[in-house]
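Structure first, commentary second.
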Amino acid sequence: MSRISKTFELLKQQNKKALIPFVTAGDPQPGFTVPLMHDMVSAGASIIELGVPFSDPMADGPVIQAADERALEHHVSLSDVIAMVKAFREGDENTPVVLMGYLNPIEIMGYQRFAELSADAGIDGVLIVDMPPEEATEFTALMTQHEINTIFLISPTTSAGRIEKINKYASGYLYYVSLKGVTGANTLDIDSVTEKLQQIRAITGLPVGVGFGIKDGETAQAVSRVADAVVVGSALVNQVAEHQNNQQIMNKKVSDVLSDMRNMMDDLA
Amino acid sequence: MPTADNEQVIDYSKYPDERGHFGRFGGLFVAETLMEPLQELREAYEKYSQDEDFLKEFDADLKHYVGRPSPVYFAERLSGKVGGAQIWLKREDLNHTGAHKVNNTIGQALLARRMGKTRIIAETGAGQHGVASATVAARLGLECVVYMGEEDIKRQTANVYRMKLLGAEVVPVTSGSKTLKDALNEAMRDWVTNIDDTFYIIGTVAGPHPYPAIVRDFQSIIGREARDQMLEAAGRLPDALVACVGGGSNAIGLFHEFLNDKEIEIYGVEGGGYGIETGRHAAPLTAGKSGVLHGNRTYLMSDDDGQIIETHCISAGLDYPGVGPEHAWLKETGRANYSSVTDEEALQAFHELTRIEGIIPALESSHALAYATKLAAQKSPDDIILVNLSGRGDKDIHTVAELEGIKV
């Protein structure tokens, strides 16, 4: 069983939902990322999504674009990000790590080499924003061979037919993007999320996470009532940006946001 | 490597395949939210590209609004000066709005209206596509938002004002390199947020399927006209075609009609900037590598980490790190040849055509002219080279004047 599946299994036994923070690797500088990952786990993170910085993050809003730019000022590469996960694994063998990013850095590295390095570093899953299942046959097979989950997005515009197709390629969990738009968008309509999740669950047995528009304990709690996992990105990256000059305060602020979410989510039990 | 054998069996009119692939290039590399809207666009395009009323309206607009057919013109004095092959020009600079871009925006805007979309967005580099989009939006009464890099806004002030006069909102893009690629990113972000009422008019033969095919089809009027016109004016087809390639829409527009005429040589000319050896250029086909950006797999200017490199070219319309996937494929099959000319060579060609033929060419098209004169010098006076003069140079006179230290 993969580390991701084990995590969901364990949470289920505890009657809890997964909390999945996203931060951009190497933001605001490379040395900050691994300690931040450990702190996020202490604050209640179940799985960590680590953004691979890209020069042209088309699906991201201004907050994560700026994070990518900060990381790229330090020339943080895909190899660097993989090395960060390897360093993280020295202190944490249990928390799954998912890389999230765009296809070009992986294309340039080569699928085979990426699969090998990722497996070696203890990376558990990969989510490539601009690679729909239609283009993912070769990549998914290679990842499966290296026991790495391939996570795919579902959006409000995704039809039932497409959900079925996506489900065939997906492993680990599915990520429902609750809004039409880019990351960091504002409002989330919990009723329409609930409705869409019913449609998704009728098709898949995989856990379903929900992201986009989750910014505090309250929205996290509302979403965790209906989803298996709550994904939070821009709300954390905002804290990173604001406190980028003081690592200690930065880690504390990020942890505070997460602990608040964790507490509100667990209060449901 | 492609061989002469496999080149012979390719029927270039049959591509892309149903999933948008030109060989290993092209495809559909976008975030999930855009998959259904792209499917919707595919279905609409399939329907209307066979629809008689749609085609009739498109043709009528090209004739009465754009002023087509654009003539072919034998540049006799230029040819004489070069002393080689005859250089002929396909005069896309004479179109309404001053470039080939309008052929495509008219087609896409008619499609948008039939799909019930009320808002148009576009990205622009030199501003020609932005102006062409704002123009058709004004004519059809559609709301229009144009994304343009802050750097490009500075170098193309006249076109920015033109778009505003036409009623478009011009949004400066301040992320990344603040040029065309970033404008494309921003337009994609707008589209993904407003897909219900918004139609994204992509200006070149790049982007996710079906855009490279749609834009090519609308621009192919250039080559279809040129075939008839050359047969009429010269009594035969040209021996070689030359066009500049940024994203590559004017080039595909000319080339596509002739791809299956294997005896015709085809040359695409990229922006060589300060020279390929300096690394400061916009020539992914000449000096880039295969990768994925803006929805398709193609040749890109990308570093060893897969980050997109900032490009440089004197002409904003060629200043793009990618290129349409069909060009990437034509390079790989060997059907077309791609090379580059520098800023300096393009400038020289700009002046030469202006002084010798009384035609001020766009700096983009000047790249094609620079290459064509080199090519012509190696050929005989019986040979005919047809150059796509994709746009007029009025928009560039400030750039040229500034470079030469002249105050306009």
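Chain identifiers are assigned as A, B, and so on, following the order in which chains appear in the structure tokens; residues are numbered from 1 within each chain, and ligands are numbered from 1 in order of appearance.
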
Exercise for review: Going by DSSP on the backbone, which bits of segment 49-251 of chain A are strand (DSSP E)? Write them as a ChimeraX atom specification, please.
Suggested key: /A:49-51,97-101,125-128,149-150,152-154,174-177,208-211,229-232

What residues in chain B lie within 9 Å of chain A, counting only C-alpha atoms, written as a PDB file with C-alpha atoms, in the first residue's frame?
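part_28.pdb was written with the following content:
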```pdb
ATOM      1  CA  ARG B  19      -6.269  14.708 -30.748  1.00  0.00           C
ATOM      2  CA  GLY B  27      -1.689  18.088 -28.433  1.00  0.00           C
ATOM      3  CA  LEU B  28      -3.635  19.389 -25.501  1.00  0.00           C
ATOM      4  CA  PHE B  29      -1.620  20.349 -22.446  1.00  0.00           C
ATOM      5  CA  VAL B  30      -3.886  22.497 -20.311  1.00  0.00           C
ATOM      6  CA  ALA B  31      -5.381  22.513 -16.826  1.00  0.00           C
ATOM      7  CA  GLU B  32      -8.499  20.421 -16.414  1.00  0.00           C
ATOM      8  CA  THR B  33     -10.848  23.428 -16.249  1.00  0.00           C
ATOM      9  CA  LEU B  34     -10.074  24.205 -19.893  1.00  0.00           C
ATOM     10  CA  MET B  35     -10.663  20.696 -21.221  1.00  0.00           C
ATOM     11  CA  GLU B  36     -14.429  21.008 -21.604  1.00  0.00           C
ATOM     12  CA  PRO B  37     -14.320  24.531 -23.104  1.00  0.00           C
ATOM     13  CA  SER B 175       4.664  39.137 -14.587  1.00  0.00           C
ATOM     14  CA  GLY B 176       7.686  37.246 -15.893  1.00  0.00           C
ATOM     15  CA  LYS B 181       4.477  34.788 -23.480  1.00  0.00           C
ATOM     16  CA  ASP B 182       3.367  36.414 -20.240  1.00  0.00           C
ATOM     17  CA  LEU B 184      -0.562  34.564 -23.168  1.00  0.00           C
ATOM     18  CA  ASN B 185      -0.319  33.236 -19.587  1.00  0.00           C
ATOM     19  CA  GLU B 186      -2.537  36.054 -18.379  1.00  0.00           C
ATOM     20  CA  MET B 188      -5.255  31.842 -20.214  1.00  0.00           C
ATOM     21  CA  ARG B 189      -5.888  32.833 -16.583  1.00  0.00           C
ATOM     22  CA  ASP B 190      -8.679  35.152 -17.645  1.00  0.00           C
ATOM     23  CA  TRP B 191     -10.203  32.473 -19.833  1.00  0.00           C
ATOM     24  CA  VAL B 192     -10.155  29.808 -17.140  1.00  0.00           C
ATOM     25  CA  THR B 193     -11.945  32.253 -14.811  1.00  0.00           C
ATOM     26  CA  ASN B 194     -14.548  33.502 -17.310  1.00  0.00           C
ATOM     27  CA  ILE B 195     -15.148  30.532 -19.593  1.00  0.00           C
ATOM     28  CA  LYS B 289      14.629  22.131 -27.877  1.00  0.00           C
ATOM     29  CA  SER B 290      11.407  20.179 -27.660  1.00  0.00           C
ATOM     30  CA  GLY B 291       9.228  20.946 -24.639  1.00  0.00           C
ATOM     31  CA  VAL B 292       5.709  21.853 -23.512  1.00  0.00           C
ATOM     32  CA  LEU B 293       4.341  25.363 -23.136  1.00  0.00           C
ATOM     33  CA  HIS B 294       1.015  27.128 -23.642  1.00  0.00           C
ATOM     34  CA  GLY B 295      -0.923  23.988 -24.265  1.00  0.00           C
ATOM     35  CA  SER B 302      14.079  26.628 -22.436  1.00  0.00           C
ATOM     36  CA  ASP B 303      17.066  26.219 -20.107  1.00  0.00           C
ATOM     37  CA  ASP B 304      18.430  22.947 -18.707  1.00  0.00           C
ATOM     38  CA  ASP B 305      15.972  23.146 -15.803  1.00  0.00           C
ATOM     39  CA  GLY B 306      12.989  23.476 -18.123  1.00  0.00           C
ATOM     40  CA  GLN B 307      12.416  27.164 -17.351  1.00  0.00           C
ATOM     41  CA  ILE B 308      11.432  29.313 -20.299  1.00  0.00           C
ATOM     42  CA  ILE B 309      14.196  31.667 -21.375  1.00  0.00           C
TER      43      ILE B 309
END
```

As a PyMOL selection string, please: the residues near Thr97 of chain B (cut-off 12 Å, only C-alpha atoms, same-chain neighbours under 4 positions excluded). chain B and resi 65-67+92-93+101-103+105-106+127-136+159+162-163+166+390-395

Find the spatial neighbours of segment 11-25 of chain A, counting only C-alpha atoms, within a cut-off of 9 Å - ignore same-chain residues fewer than 5 positions away - and output them as a short mmCIF file (atom, residue, chain, number, x, y, z; two decimals) with all heavy atoms, in the first residue's frame.
```
data_model
loop_
_atom_site.label_atom_id
_atom_site.label_comp_id
_atom_site.auth_asym_id
_atom_site.auth_seq_id
_atom_site.Cartn_x
_atom_site.Cartn_y
_atom_site.Cartn_z
N LYS A 6 -2.02 4.62 2.84
CA LYS A 6 -1.90 4.34 4.28
C LYS A 6 -2.37 5.53 5.10
O LYS A 6 -3.06 5.38 6.11
CB LYS A 6 -0.42 4.05 4.62
CG LYS A 6 -0.13 2.55 4.77
CD LYS A 6 1.29 2.36 5.27
CE LYS A 6 2.05 1.42 4.34
NZ LYS A 6 3.49 1.54 4.41
N PRO A 30 15.90 28.46 -0.79
CA PRO A 30 15.97 27.00 -0.77
C PRO A 30 16.10 26.40 0.64
O PRO A 30 15.44 25.42 0.96
CB PRO A 30 17.22 26.69 -1.61
CG PRO A 30 17.39 27.87 -2.50
CD PRO A 30 16.87 29.05 -1.75
N PHE A 32 14.91 27.20 3.38
CA PHE A 32 13.75 27.33 4.27
C PHE A 32 12.76 26.17 4.15
O PHE A 32 11.94 25.96 5.03
CB PHE A 32 12.99 28.63 3.95
CG PHE A 32 13.61 29.88 4.52
CD1 PHE A 32 14.98 29.96 4.74
CD2 PHE A 32 12.83 30.99 4.83
CE1 PHE A 32 15.56 31.12 5.25
CE2 PHE A 32 13.39 32.15 5.35
CZ PHE A 32 14.76 32.21 5.56
N THR A 33 12.83 25.44 3.04
CA THR A 33 11.72 24.54 2.71
C THR A 33 11.62 23.32 3.62
O THR A 33 10.53 23.01 4.13
CB THR A 33 11.79 24.13 1.23
OG1 THR A 33 11.73 25.31 0.44
CG2 THR A 33 10.65 23.22 0.85
N VAL A 34 12.73 22.63 3.84
CA VAL A 34 12.66 21.39 4.63
C VAL A 34 12.21 21.65 6.07
O VAL A 34 11.29 20.97 6.56
CB VAL A 34 14.00 20.60 4.55
CG1 VAL A 34 13.95 19.38 5.46
CG2 VAL A 34 14.26 20.19 3.11
N MET A 37 8.56 22.22 6.06
CA MET A 37 7.79 20.97 5.87
C MET A 37 7.61 20.25 7.21
O MET A 37 6.51 19.81 7.56
CB MET A 37 8.50 20.05 4.87
CG MET A 37 8.47 20.57 3.43
SD MET A 37 9.60 19.64 2.33
CE MET A 37 8.62 18.15 2.03
N MET A 40 5.13 22.06 9.33
CA MET A 40 3.75 21.88 8.86
C MET A 40 3.19 20.54 9.32
O MET A 40 2.01 20.43 9.66
CB MET A 40 3.68 22.01 7.33
CG MET A 40 3.94 23.45 6.84
SD MET A 40 3.44 23.78 5.13
CE MET A 40 4.45 22.64 4.23
N GLY A 44 -0.13 19.68 11.92
CA GLY A 44 -1.31 18.90 11.56
C GLY A 44 -1.44 18.53 10.10
O GLY A 44 -2.48 18.01 9.68
N ALA A 45 -0.40 18.78 9.29
CA ALA A 45 -0.47 18.40 7.88
C ALA A 45 -0.46 16.88 7.74
O ALA A 45 0.32 16.20 8.42
CB ALA A 45 0.71 18.99 7.12
N SER A 46 -1.32 16.36 6.88
CA SER A 46 -1.35 14.91 6.66
C SER A 46 -0.50 14.51 5.47
O SER A 46 0.11 13.44 5.44
CB SER A 46 -2.78 14.45 6.39
OG SER A 46 -3.71 15.20 7.12
N ILE A 47 -0.51 15.35 4.45
CA ILE A 47 0.24 15.13 3.21
C ILE A 47 0.78 16.52 2.83
O ILE A 47 0.11 17.52 3.10
CB ILE A 47 -0.68 14.62 2.07
CG1 ILE A 47 -1.25 13.23 2.42
CG2 ILE A 47 0.03 14.60 0.72
CD1 ILE A 47 -2.33 12.75 1.46
N ILE A 48 1.95 16.58 2.21
CA ILE A 48 2.46 17.89 1.77
C ILE A 48 2.52 17.94 0.24
O ILE A 48 3.06 17.03 -0.39
CB ILE A 48 3.86 18.17 2.36
CG1 ILE A 48 3.74 18.36 3.89
CG2 ILE A 48 4.48 19.43 1.72
CD1 ILE A 48 5.07 18.50 4.58
N GLU A 49 1.93 19.00 -0.30
CA GLU A 49 2.10 19.25 -1.74
C GLU A 49 3.18 20.31 -1.90
O GLU A 49 3.07 21.41 -1.34
CB GLU A 49 0.79 19.74 -2.37
CG GLU A 49 -0.18 18.60 -2.64
CD GLU A 49 -1.46 19.04 -3.35
OE1 GLU A 49 -1.58 20.23 -3.73
OE2 GLU A 49 -2.34 18.19 -3.52
N LEU A 50 4.18 19.95 -2.67
CA LEU A 50 5.32 20.84 -2.84
C LEU A 50 5.33 21.33 -4.29
O LEU A 50 5.42 20.53 -5.23
CB LEU A 50 6.58 20.03 -2.54
CG LEU A 50 7.83 20.76 -2.03
CD1 LEU A 50 7.51 21.65 -0.85
CD2 LEU A 50 8.89 19.73 -1.65
N GLY A 51 5.21 22.64 -4.45
CA GLY A 51 5.18 23.20 -5.79
C GLY A 51 6.57 23.25 -6.40
O GLY A 51 7.52 23.67 -5.76
N VAL A 52 6.67 22.82 -7.65
CA VAL A 52 7.94 22.93 -8.38
C VAL A 52 7.89 24.26 -9.13
O VAL A 52 7.03 24.45 -9.98
CB VAL A 52 8.11 21.77 -9.38
CG1 VAL A 52 9.42 21.91 -10.14
CG2 VAL A 52 8.02 20.44 -8.67
N PRO A 53 8.80 25.18 -8.80
CA PRO A 53 8.72 26.51 -9.43
C PRO A 53 8.85 26.44 -10.96
O PRO A 53 9.65 25.66 -11.48
CB PRO A 53 9.89 27.29 -8.83
CG PRO A 53 10.63 26.38 -7.95
CD PRO A 53 9.91 25.08 -7.84
N ILE A 64 0.81 32.68 -5.98
CA ILE A 64 1.73 31.57 -6.27
C ILE A 64 2.70 31.92 -7.41
O ILE A 64 3.84 31.48 -7.42
CB ILE A 64 0.94 30.26 -6.48
CG1 ILE A 64 0.34 29.89 -5.10
CG2 ILE A 64 1.82 29.14 -7.02
CD1 ILE A 64 -0.58 28.73 -5.08
N ALA A 67 5.45 33.48 -5.65
CA ALA A 67 6.24 32.46 -4.94
C ALA A 67 7.22 31.79 -5.89
O ALA A 67 8.39 31.58 -5.58
CB ALA A 67 5.31 31.43 -4.31
N ASP A 68 6.73 31.46 -7.09
CA ASP A 68 7.60 30.84 -8.10
C ASP A 68 8.74 31.78 -8.47
O ASP A 68 9.89 31.37 -8.61
CB ASP A 68 6.79 30.50 -9.36
CG ASP A 68 5.95 29.24 -9.18
OD1 ASP A 68 5.70 28.87 -8.02
OD2 ASP A 68 5.56 28.62 -10.19
N ALA A 71 11.38 31.80 -5.75
CA ALA A 71 12.20 30.59 -5.79
C ALA A 71 13.15 30.61 -6.99
O ALA A 71 14.31 30.20 -6.88
CB ALA A 71 11.29 29.35 -5.84
N VAL A 76 16.00 27.66 -8.21
CA VAL A 76 15.56 26.36 -7.68
C VAL A 76 15.05 25.51 -8.83
O VAL A 76 14.11 25.88 -9.53
CB VAL A 76 14.46 26.56 -6.62
CG1 VAL A 76 13.91 25.22 -6.18
CG2 VAL A 76 15.02 27.33 -5.43
N ASP A 80 16.68 20.22 -7.55
CA ASP A 80 16.77 20.77 -6.19
C ASP A 80 15.55 20.37 -5.36
O ASP A 80 15.67 20.03 -4.18
CB ASP A 80 16.85 22.31 -6.24
CG ASP A 80 18.13 22.79 -6.91
OD1 ASP A 80 19.13 22.04 -6.90
OD2 ASP A 80 18.12 23.93 -7.44
N VAL A 81 14.38 20.44 -5.98
CA VAL A 81 13.16 20.11 -5.24
C VAL A 81 13.17 18.64 -4.82
O VAL A 81 12.83 18.30 -3.69
CB VAL A 81 11.90 20.42 -6.11
CG1 VAL A 81 10.64 20.04 -5.36
CG2 VAL A 81 11.87 21.89 -6.51
N MET A 84 15.31 18.24 -1.91
CA MET A 84 14.66 18.71 -0.68
C MET A 84 13.81 17.61 -0.06
O MET A 84 13.79 17.42 1.15
CB MET A 84 13.77 19.93 -0.97
CG MET A 84 14.55 21.21 -1.25
SD MET A 84 13.38 22.54 -1.71
CE MET A 84 14.51 23.69 -2.49
N MET A 100 3.87 19.10 -7.18
CA MET A 100 2.85 19.69 -8.04
C MET A 100 3.53 20.74 -8.91
O MET A 100 4.29 21.56 -8.41
CB MET A 100 1.79 20.35 -7.16
CG MET A 100 0.65 20.95 -7.93
SD MET A 100 -0.71 21.34 -6.79
CE MET A 100 -1.89 22.07 -7.90
N GLY A 209 -9.92 15.14 -2.53
CA GLY A 209 -9.53 16.37 -1.85
C GLY A 209 -10.16 17.56 -2.55
O GLY A 209 -10.48 17.49 -3.74
N ALA A 220 -12.09 25.55 5.88
CA ALA A 220 -11.53 24.20 5.95
C ALA A 220 -12.52 23.25 6.60
O ALA A 220 -12.74 22.12 6.13
CB ALA A 220 -10.22 24.22 6.73
N SER A 224 -14.27 20.06 4.92
CA SER A 224 -13.94 18.72 5.46
C SER A 224 -15.21 17.93 5.83
O SER A 224 -15.15 16.73 6.00
CB SER A 224 -13.00 18.84 6.66
OG SER A 224 -13.68 19.37 7.76
N ARG A 225 -16.31 18.61 5.94
CA ARG A 225 -17.57 17.89 6.17
C ARG A 225 -17.91 17.01 4.97
O ARG A 225 -18.55 15.98 5.13
CB ARG A 225 -18.73 18.87 6.35
CG ARG A 225 -18.86 19.47 7.72
CD ARG A 225 -20.07 20.43 7.71
NE ARG A 225 -19.79 21.63 8.46
CZ ARG A 225 -20.02 21.75 9.77
NH1 ARG A 225 -20.53 20.75 10.45
NH2 ARG A 225 -19.72 22.87 10.39
N ALA A 227 -15.56 16.51 2.08
CA ALA A 227 -14.43 15.96 1.32
C ALA A 227 -13.56 15.06 2.21
O ALA A 227 -13.70 15.08 3.43
CB ALA A 227 -13.59 17.10 0.76
N ASP A 228 -12.67 14.30 1.58
CA ASP A 228 -11.73 13.47 2.35
C ASP A 228 -10.48 14.25 2.71
O ASP A 228 -9.76 13.87 3.62
CB ASP A 228 -11.32 12.24 1.53
CG ASP A 228 -12.52 11.42 1.13
OD1 ASP A 228 -13.25 10.96 2.04
OD2 ASP A 228 -12.76 11.26 -0.09
N ALA A 229 -10.22 15.30 1.96
CA ALA A 229 -9.02 16.07 2.21
C ALA A 229 -9.25 17.54 1.87
O ALA A 229 -10.02 17.86 0.96
CB ALA A 229 -7.86 15.54 1.36
N VAL A 230 -8.59 18.40 2.62
CA VAL A 230 -8.69 19.83 2.41
C VAL A 230 -7.32 20.32 1.95
O VAL A 230 -6.31 20.08 2.62
CB VAL A 230 -9.09 20.54 3.72
CG1 VAL A 230 -9.04 22.05 3.54
CG2 VAL A 230 -10.45 20.07 4.18
N VAL A 231 -7.27 20.96 0.78
CA VAL A 231 -5.98 21.44 0.25
C VAL A 231 -5.92 22.96 0.42
O VAL A 231 -6.83 23.67 0.00
CB VAL A 231 -5.82 21.09 -1.24
CG1 VAL A 231 -4.41 21.45 -1.71
CG2 VAL A 231 -6.11 19.62 -1.49
N VAL A 232 -4.85 23.44 1.03
CA VAL A 232 -4.72 24.88 1.23
C VAL A 232 -3.37 25.35 0.70
O VAL A 232 -2.34 24.77 1.01
CB VAL A 232 -4.92 25.25 2.71
CG1 VAL A 232 -3.98 24.47 3.62
CG2 VAL A 232 -4.73 26.75 2.93
N GLY A 233 -3.40 26.34 -0.17
CA GLY A 233 -2.17 26.82 -0.80
C GLY A 233 -1.93 28.30 -0.59
O GLY A 233 -1.11 28.71 0.23
N SER A 234 -2.67 29.13 -1.32
CA SER A 234 -2.41 30.57 -1.32
C SER A 234 -2.44 31.18 0.09
O SER A 234 -1.66 32.08 0.40
CB SER A 234 -3.40 31.28 -2.23
OG SER A 234 -3.19 30.85 -3.57
N LEU A 236 -1.40 29.96 2.78
CA LEU A 236 -0.10 29.72 3.41
C LEU A 236 1.01 30.52 2.71
O LEU A 236 1.88 31.10 3.36
CB LEU A 236 0.26 28.22 3.35
CG LEU A 236 -0.74 27.26 3.99
CD1 LEU A 236 -0.27 25.82 3.82
CD2 LEU A 236 -0.96 27.59 5.46
N VAL A 237 0.95 30.51 1.39
CA VAL A 237 1.99 31.22 0.63
C VAL A 237 1.94 32.72 0.93
O VAL A 237 2.98 33.39 0.93
CB VAL A 237 1.85 30.91 -0.88
CG1 VAL A 237 2.86 31.70 -1.70
CG2 VAL A 237 2.05 29.41 -1.13
N VAL A 240 4.06 33.11 3.88
CA VAL A 240 5.47 32.99 3.48
C VAL A 240 5.94 34.33 2.91
O VAL A 240 7.00 34.84 3.27
CB VAL A 240 5.67 31.86 2.45
CG1 VAL A 240 7.09 31.87 1.89
CG2 VAL A 240 5.35 30.50 3.07
N LEU A 258 -2.39 26.49 9.78
CA LEU A 258 -2.67 25.05 9.67
C LEU A 258 -3.28 24.50 10.95
O LEU A 258 -4.26 23.74 10.90
CB LEU A 258 -1.38 24.28 9.35
CG LEU A 258 -0.92 24.34 7.89
CD1 LEU A 258 0.40 23.58 7.74
CD2 LEU A 258 -1.98 23.73 6.96
N MET A 261 -6.84 25.32 11.20
CA MET A 261 -7.64 24.47 10.31
C MET A 261 -7.79 23.07 10.88
O MET A 261 -8.88 22.49 10.91
CB MET A 261 -6.98 24.40 8.92
CG MET A 261 -7.07 25.70 8.15
SD MET A 261 -6.29 25.55 6.53
CE MET A 261 -6.79 27.12 5.82
N ARG A 262 -6.66 22.54 11.35
CA ARG A 262 -6.67 21.18 11.91
C ARG A 262 -7.67 21.09 13.06
O ARG A 262 -8.49 20.18 13.12
CB ARG A 262 -5.25 20.85 12.40
CG ARG A 262 -5.01 19.46 12.93
CD ARG A 262 -4.89 18.42 11.82
NE ARG A 262 -6.16 17.78 11.54
CZ ARG A 262 -6.35 16.91 10.53
NH1 ARG A 262 -5.36 16.61 9.71
NH2 ARG A 262 -7.51 16.36 10.35
N MET A 265 -11.25 21.34 11.85
CA MET A 265 -11.64 20.12 11.15
C MET A 265 -11.89 18.98 12.13
O MET A 265 -12.83 18.21 11.98
CB MET A 265 -10.56 19.71 10.14
CG MET A 265 -10.49 20.60 8.91
SD MET A 265 -8.92 20.44 8.00
CE MET A 265 -8.99 18.71 7.50
N ASP A 266 -11.02 18.88 13.15
CA ASP A 266 -11.14 17.77 14.11
C ASP A 266 -12.32 17.94 15.04
O ASP A 266 -12.85 16.96 15.58
CB ASP A 266 -9.84 17.63 14.92
CG ASP A 266 -8.68 17.18 14.04
OD1 ASP A 266 -8.94 16.83 12.87
OD2 ASP A 266 -7.53 17.16 14.52
N LEU A 268 -15.15 18.43 14.34
CA LEU A 268 -16.32 17.79 13.75
C LEU A 268 -16.54 16.40 14.29
O LEU A 268 -17.67 15.92 14.40
CB LEU A 268 -16.13 17.67 12.24
CG LEU A 268 -16.28 18.94 11.43
CD1 LEU A 268 -16.00 18.59 9.99
CD2 LEU A 268 -17.68 19.50 11.59
N ALA A 269 -15.43 15.76 14.64
CA ALA A 269 -15.48 14.33 14.98
C ALA A 269 -16.38 14.07 16.19
O ALA A 269 -16.63 14.94 16.98
CB ALA A 269 -14.08 13.83 15.25
#
```

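For the residues B:Gly107, B:Pro212, B:Gly317, B:Pro325, ranking by smallest atom-to-atom distance to Phe58 of chain B using only C-alpha atoms places B:Gly107 first.
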
Query raised in the report: Excluding same-chain residues fewer than 4 positions from Gly20 of chain B, what lies within 12 Å of it counting only C-alpha atoms, as an MDAnalysis selection string?
Result: (chainID A and resid 134:135) or (chainID B and resid 14:16 24:29 38:39 42 205:214 295:297 324:326)

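Minimum distance to Glu143 of chain B across B:His398, B:Lys81, B:Lys117, B:His312 (counting only C-alpha atoms) occurs at B:Lys117.
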
Report as CSV the residues of segment 180-271 of chain B within 12 Å of segment 376-383 of chain B, each with its shortest atom pair and distance in Å (one decimal), using only C-alpha atoms, ordered by chain and increasing residue number.
```
residue,atom,partner,partner_atom,distance
B:Ala234,CA,B:Asp382,CA,10.7
B:Arg236,CA,B:Asp383,CA,10.6
B:Leu237,CA,B:Asp383,CA,10.1
B:Pro238,CA,B:Asp383,CA,7.5
B:Asp239,CA,B:Asp383,CA,6.1
B:Ala240,CA,B:Asp383,CA,8.2
B:Leu241,CA,B:Ala376,CA,11.2
B:Val242,CA,B:Ala376,CA,10.7
B:Ile264,CA,B:Asp383,CA,11.0
B:Glu265,CA,B:Asp383,CA,11.3
```

Any chance you could export the current selection's N, CA, C and O atoms as a CSV table (one decimal), in the first residue's frame?
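What ended up in part-v7.csv:
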```csv
chain,number,residue,atom,x,y,z
B,234,ALA,N,2.3,34.8,-63.2
B,234,ALA,CA,3.6,34.3,-63.7
B,234,ALA,C,3.5,33.1,-64.5
B,234,ALA,O,4.5,32.6,-65.1
B,236,ARG,N,3.0,30.2,-63.5
B,236,ARG,CA,3.4,28.9,-62.8
B,236,ARG,C,3.5,29.2,-61.3
B,236,ARG,O,3.4,30.3,-60.9
B,237,LEU,N,3.7,28.1,-60.6
B,237,LEU,CA,3.9,28.2,-59.1
B,237,LEU,C,5.3,28.7,-58.8
B,237,LEU,O,6.2,28.5,-59.6
B,238,PRO,N,5.5,29.3,-57.6
B,238,PRO,CA,6.8,29.7,-57.2
B,238,PRO,C,7.7,28.5,-56.9
B,238,PRO,O,7.2,27.4,-56.7
B,239,ASP,N,9.0,28.8,-57.0
B,239,ASP,CA,10.0,27.7,-56.6
B,239,ASP,C,10.3,27.6,-55.2
B,239,ASP,O,10.7,26.6,-54.6
B,240,ALA,N,10.1,28.8,-54.5
B,240,ALA,CA,10.3,28.8,-53.1
B,240,ALA,C,9.4,29.8,-52.4
B,240,ALA,O,9.0,30.8,-53.0
B,241,LEU,N,9.1,29.5,-51.1
B,241,LEU,CA,8.2,30.3,-50.3
B,241,LEU,C,9.1,30.8,-49.1
B,241,LEU,O,9.8,29.9,-48.5
B,242,VAL,N,8.9,32.0,-48.7
B,242,VAL,CA,9.7,32.5,-47.5
B,242,VAL,C,8.7,33.3,-46.6
B,242,VAL,O,7.9,34.1,-47.1
B,264,ILE,N,8.3,22.4,-54.3
B,264,ILE,CA,8.4,23.8,-53.8
B,264,ILE,C,9.2,23.9,-52.5
B,264,ILE,O,8.8,23.2,-51.6
B,265,GLU,N,10.3,24.6,-52.5
B,265,GLU,CA,11.0,24.8,-51.3
B,265,GLU,C,10.3,25.7,-50.3
B,265,GLU,O,9.8,26.7,-50.7
```

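Among A:Ala222, A:Phe212, A:Leu174, A:Phe88, the residue with the shortest atom-to-atom distance to Thr194 of chain A, counting only C-alpha atoms, is A:Ala222.
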
note - atom CA of Phe54 of chain B and atom CA of Arg119 of chain B are separated by 19.6 Å

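By chain and then residue number, the residues within 12 Å of Asp191 of chain A are Ser178, Leu188, Asp189, Val193, Thr194, Glu195, Lys196, Leu197, Gln198, Ala222, Val223, Arg225 and Val226 of chain A, counting only C-alpha atoms and disregarding those fewer than 2 positions away in sequence.
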
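Residues of segment 205-241 of chain B that DSSP, applied to the backbone, places in helix (DSSP H, G or I): Tyr211, Pro212, Ala213, Ile214, Val215, Arg216, Asp217, Phe218, Gln219, Ile221, Ile222, Gly223, Arg224, Glu225, Ala226, Arg227, Asp228, Gln229, Met230, Leu231, Glu232 and Ala233 of chain B.
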
Between B:Asp197, B:Glu364, B:Glu151, B:Glu310, smallest distance to Ser249 of chain B by only C-alpha atoms belongs to B:Glu364

**Q.** Glu257 of chain B environment, 10 Å, only C-alpha atoms, sequence neighbours closer than 3 positions dropped, as a ChimeraX atom specification
**A.** /B:12-13,217,220-227,252-254,260-261
